[in-house]
Amino acid sequence: MLADIETLVRCESPSSDHKAVARSAEVVADVGRRLLGAEPERIVVDGVTHLRWRFGDGPPRVLLLGHHDTVWPHGSLETHPFSVRDGVLRGPGCFDMKAGVVMALHAAATLPDRDGLSILVTGDEEIGSPSSRALIEEAAAGCDAAFVLEASADGGALKCRRKGVSHYRVEVTGRAAHAGLEPEKGINAGIEVAHQILAVAALADPGAGTSVTPTVVSAGTTVNTVPAAANVAVDVRVWNVAEQLRVDRAMRALRPALEDAEVRVTGGINRPPLEGSSSAGLFSLARELAGELGLGELTSVAVGGASDGNYTAGIGIPTLDGLGAVGGGAHADHEHVVVAELPRRTALLAALVENVLAKRNPSGATKPAGQSGEARR
């Protein structure tokens with residue numbers, strides 16, 4: 001596993017470089033072919049290369065979901081070289097989430113029967129999955145479970161709730177005028193966007209865990225000109241769909257405060273929330289299996305960041321996230337993986353997949369282990 005992670009990490013794959021992502025896809029394909037004895041489908045959407053393995057003749061029942069792109073730019077290996085020292089693996093993208101991709105492939109390789117398993121490794125998760133969302137939802141549709149190989153939270157906790165994400169851009173059009181000679185003839189887009197920032201920020205509801213955050217702001221062209229245009233980007237995070245829709249309606253209802261100014265809102269909902277109900281049954285199963293495997297007590301957390309698991313949960317598929325590497329420092333200089341946890345967590349993933357593939361209740365939903373007399377791993 002260490003050798004395979006090193007192979008993936010040494011192939012830099014920043015999301016914005018489609019050629020680099022294509023090279024990375026070939027590296028992942030080579031590892032998967034060796035472990036699984038099967039060639040993946042290469043699916044190129046808008047120039048981005050994704051990989052998919054499907055086993056069996058029937059519809060997929062379990063989806064293993066990961067991504068091979070990273071936030072790290074070319075040259076990061078020179079400043080953050082791959083290394084394994086004192087039980088800690090380091091390197092750009094190792095924790096988020098090339099170790100998780102390797103874990104998925106190794107777990108699948110141990111299964112005595114892969115019939116009904118699908119593995120999807122996408123190439124643009126770090127930029128919001130613009131080309132892979134439809135592919136993810138298609139791959140997950142009808143599955144009993146989606147297991148997401150994003151890195152774990154602190155201490156190895158699984159991510160059983162994730163906030164939904166929306167992104168907006170509020171664009172203001174005013175009218176330019178000389179700031180010294182006749183400012184009254186202008187319509188100050190900077191002042192208008194300030195009104196909009198206050199209106200947007202007021203949509204937050206801390207009690208409900210809803211954040212509505214104005215982020216990047218731009219206005220004006222020169223110091224002696226009334227700004228004719230301005231804009232602000234807005235980041236929204238919510239725990240439930242109702243809040244996401246409330247904020248969306250309010251954003252689209254924004255109106256100008258200044259006479260003759262114009263306001264245009266673009267963007268919208270990016271990822272639906274991964275609500276606790278989506279992961280509860282699978283987490284219960286994981287906790288029981290972890291005990292049987294001697295892995296200790298599993299814990300879960302709710303996090304504000306989103307992943308592709310939000311998409312699978314958003315279409316109603318039971319989803320468990322954070323099953324990847326244990327470590328820390330995603331996107332940061334101290335990104336690392338705890339080596340001793342790699343085989344332990346991979347064994348848990350394999351047990352989860354085998355358990356779900358082995359049984360199915362009449363409704364098609366997964367049953368936590370222990371609710372029937374069926375044998376399980």
# chains A, B, ... in the order shown; residues from 1 in each chain; ligands from 1
>>> closest_atom_pairs(of="stretch 75-192 of chain A", to="stretch 7-14 of chain A", cutoff="10 Å", atoms="only C-alpha atoms", output="Markdown table")
| residue | atom | partner | partner_atom | distance |
| --- | --- | --- | --- | --- |
| A:Gly75 | CA | A:Glu12 | CA | 8.1 |
| A:Ser76 | CA | A:Glu12 | CA | 8.0 |
| A:Leu77 | CA | A:Arg10 | CA | 7.2 |
| A:Pro81 | CA | A:Arg10 | CA | 8.7 |
| A:Phe82 | CA | A:Val9 | CA | 7.3 |
| A:Arg90 | CA | A:Val9 | CA | 9.3 |
| A:Gly91 | CA | A:Val9 | CA | 6.6 |
| A:Pro92 | CA | A:Val9 | CA | 6.5 |
| A:Gly93 | CA | A:Val9 | CA | 6.4 |
| A:Cys94 | CA | A:Val9 | CA | 6.1 |
| A:Phe95 | CA | A:Val9 | CA | 9.9 |
| A:Met97 | CA | A:Val9 | CA | 9.5 |
| A:Lys98 | CA | A:Leu8 | CA | 6.4 |
| A:Ala99 | CA | A:Leu8 | CA | 8.4 |
| A:Val101 | CA | A:Leu8 | CA | 9.0 |
| A:Val102 | CA | A:Leu8 | CA | 8.4 |
| A:Gly123 | CA | A:Ser13 | CA | 8.6 |
| A:Asp124 | CA | A:Pro14 | CA | 8.9 |
| A:Glu126 | CA | A:Pro14 | CA | 8.8 |
| A:Ile127 | CA | A:Pro14 | CA | 9.9 |
>>> closest_residue(among="A:Asn270, A:Ser284, A:Thr213, A:Thr110", to="A:Leu349", atoms="only C-alpha atoms")
A:Thr110
>>> select_by_dssp(residues="stretch 160-307 of chain A", states="strand (DSSP E)", output="ChimeraX atom specification")
/A:160-162,164-173,211-219,229-238,262-271,300-303
>>> write_last_selection(atoms="C-alpha atoms", output="PDB file, in the first residue's frame")
ATOM      1  CA  CYS A 160     -21.552  11.407   9.193  1.00  0.00           C
ATOM      2  CA  ARG A 161     -22.911  14.899   8.520  1.00  0.00           C
ATOM      3  CA  ARG A 162     -21.659  17.485   6.064  1.00  0.00           C
ATOM      4  CA  GLY A 164     -24.505  21.704   2.029  1.00  0.00           C
ATOM      5  CA  VAL A 165     -22.754  24.389  -0.007  1.00  0.00           C
ATOM      6  CA  SER A 166     -24.055  27.187  -2.221  1.00  0.00           C
ATOM      7  CA  HIS A 167     -22.006  29.790  -4.078  1.00  0.00           C
ATOM      8  CA  TYR A 168     -23.324  33.087  -5.417  1.00  0.00           C
ATOM      9  CA  ARG A 169     -22.014  36.175  -7.137  1.00  0.00           C
ATOM     10  CA  VAL A 170     -23.855  39.458  -6.605  1.00  0.00           C
ATOM     11  CA  GLU A 171     -23.080  41.875  -9.454  1.00  0.00           C
ATOM     12  CA  VAL A 172     -24.002  45.552  -9.200  1.00  0.00           C
ATOM     13  CA  THR A 173     -24.242  48.000 -12.070  1.00  0.00           C
ATOM     14  CA  SER A 211     -23.469  30.710   7.537  1.00  0.00           C
ATOM     15  CA  VAL A 212     -23.834  33.231   4.719  1.00  0.00           C
ATOM     16  CA  THR A 213     -20.436  34.813   4.199  1.00  0.00           C
ATOM     17  CA  PRO A 214     -19.523  37.578   1.753  1.00  0.00           C
ATOM     18  CA  THR A 215     -15.984  36.801   0.639  1.00  0.00           C
ATOM     19  CA  VAL A 216     -14.237  38.355  -2.380  1.00  0.00           C
ATOM     20  CA  VAL A 217     -15.326  41.967  -3.042  1.00  0.00           C
ATOM     21  CA  SER A 218     -14.425  44.184  -5.979  1.00  0.00           C
ATOM     22  CA  ALA A 219     -15.490  47.714  -6.945  1.00  0.00           C
ATOM     23  CA  ALA A 229     -19.579  48.238 -11.304  1.00  0.00           C
ATOM     24  CA  ALA A 230     -18.985  46.117  -8.235  1.00  0.00           C
ATOM     25  CA  ASN A 231     -19.435  42.525  -7.178  1.00  0.00           C
ATOM     26  CA  VAL A 232     -19.201  40.248  -4.168  1.00  0.00           C
ATOM     27  CA  ALA A 233     -18.881  36.473  -3.894  1.00  0.00           C
ATOM     28  CA  VAL A 234     -20.999  34.733  -1.259  1.00  0.00           C
ATOM     29  CA  ASP A 235     -20.324  31.379   0.424  1.00  0.00           C
ATOM     30  CA  VAL A 236     -23.297  29.607   2.056  1.00  0.00           C
ATOM     31  CA  ARG A 237     -23.129  26.559   4.350  1.00  0.00           C
ATOM     32  CA  VAL A 238     -26.223  24.804   5.777  1.00  0.00           C
ATOM     33  CA  GLU A 262     -29.080  47.261 -10.895  1.00  0.00           C
ATOM     34  CA  VAL A 263     -28.408  44.010  -9.049  1.00  0.00           C
ATOM     35  CA  ARG A 264     -27.860  40.618 -10.680  1.00  0.00           C
ATOM     36  CA  VAL A 265     -27.421  37.369  -8.752  1.00  0.00           C
ATOM     37  CA  THR A 266     -25.789  34.326 -10.358  1.00  0.00           C
ATOM     38  CA  GLY A 267     -24.714  30.945  -9.004  1.00  0.00           C
ATOM     39  CA  GLY A 268     -26.741  28.795  -6.663  1.00  0.00           C
ATOM     40  CA  ILE A 269     -26.749  25.489  -4.835  1.00  0.00           C
ATOM     41  CA  ASN A 270     -23.571  23.507  -5.408  1.00  0.00           C
ATOM     42  CA  ARG A 271     -23.844  20.535  -3.054  1.00  0.00           C
ATOM     43  CA  SER A 300     -18.384  10.361  14.144  1.00  0.00           C
ATOM     44  CA  VAL A 301     -18.404  14.106  13.570  1.00  0.00           C
ATOM     45  CA  ALA A 302     -20.329  16.747  11.653  1.00  0.00           C
ATOM     46  CA  VAL A 303     -18.198  19.020   9.464  1.00  0.00           C
TER      47      VAL A 303
END
>>> closest_residue(among="A:Ala325, A:His331, A:Leu65, A:Ala108", to="A:Ile5", atoms="only C-alpha atoms")
A:Ala325
>>> select_by_dssp(residues="stretch 99-323 of chain A", states="alpha helix (DSSP H)", output="ChimeraX atom specification")
/A:99-110,133-140,189-201,241-252,276-292,309-314
>>> closest_residue(among="A:Leu36, A:Leu298, A:Ala177, A:Ala140", to="A:Pro112", atoms="only C-alpha atoms")
A:Leu36
>>> closest_residue(among="A:Ala145, A:Ala253, A:Ala347, A:Val247", to="A:Ala290", atoms="only C-alpha atoms")
A:Ala347
>>> atom_distance(atom1="atom CA of A:Glu125", atom2="atom CA of A:Asp308")
7.0 Å
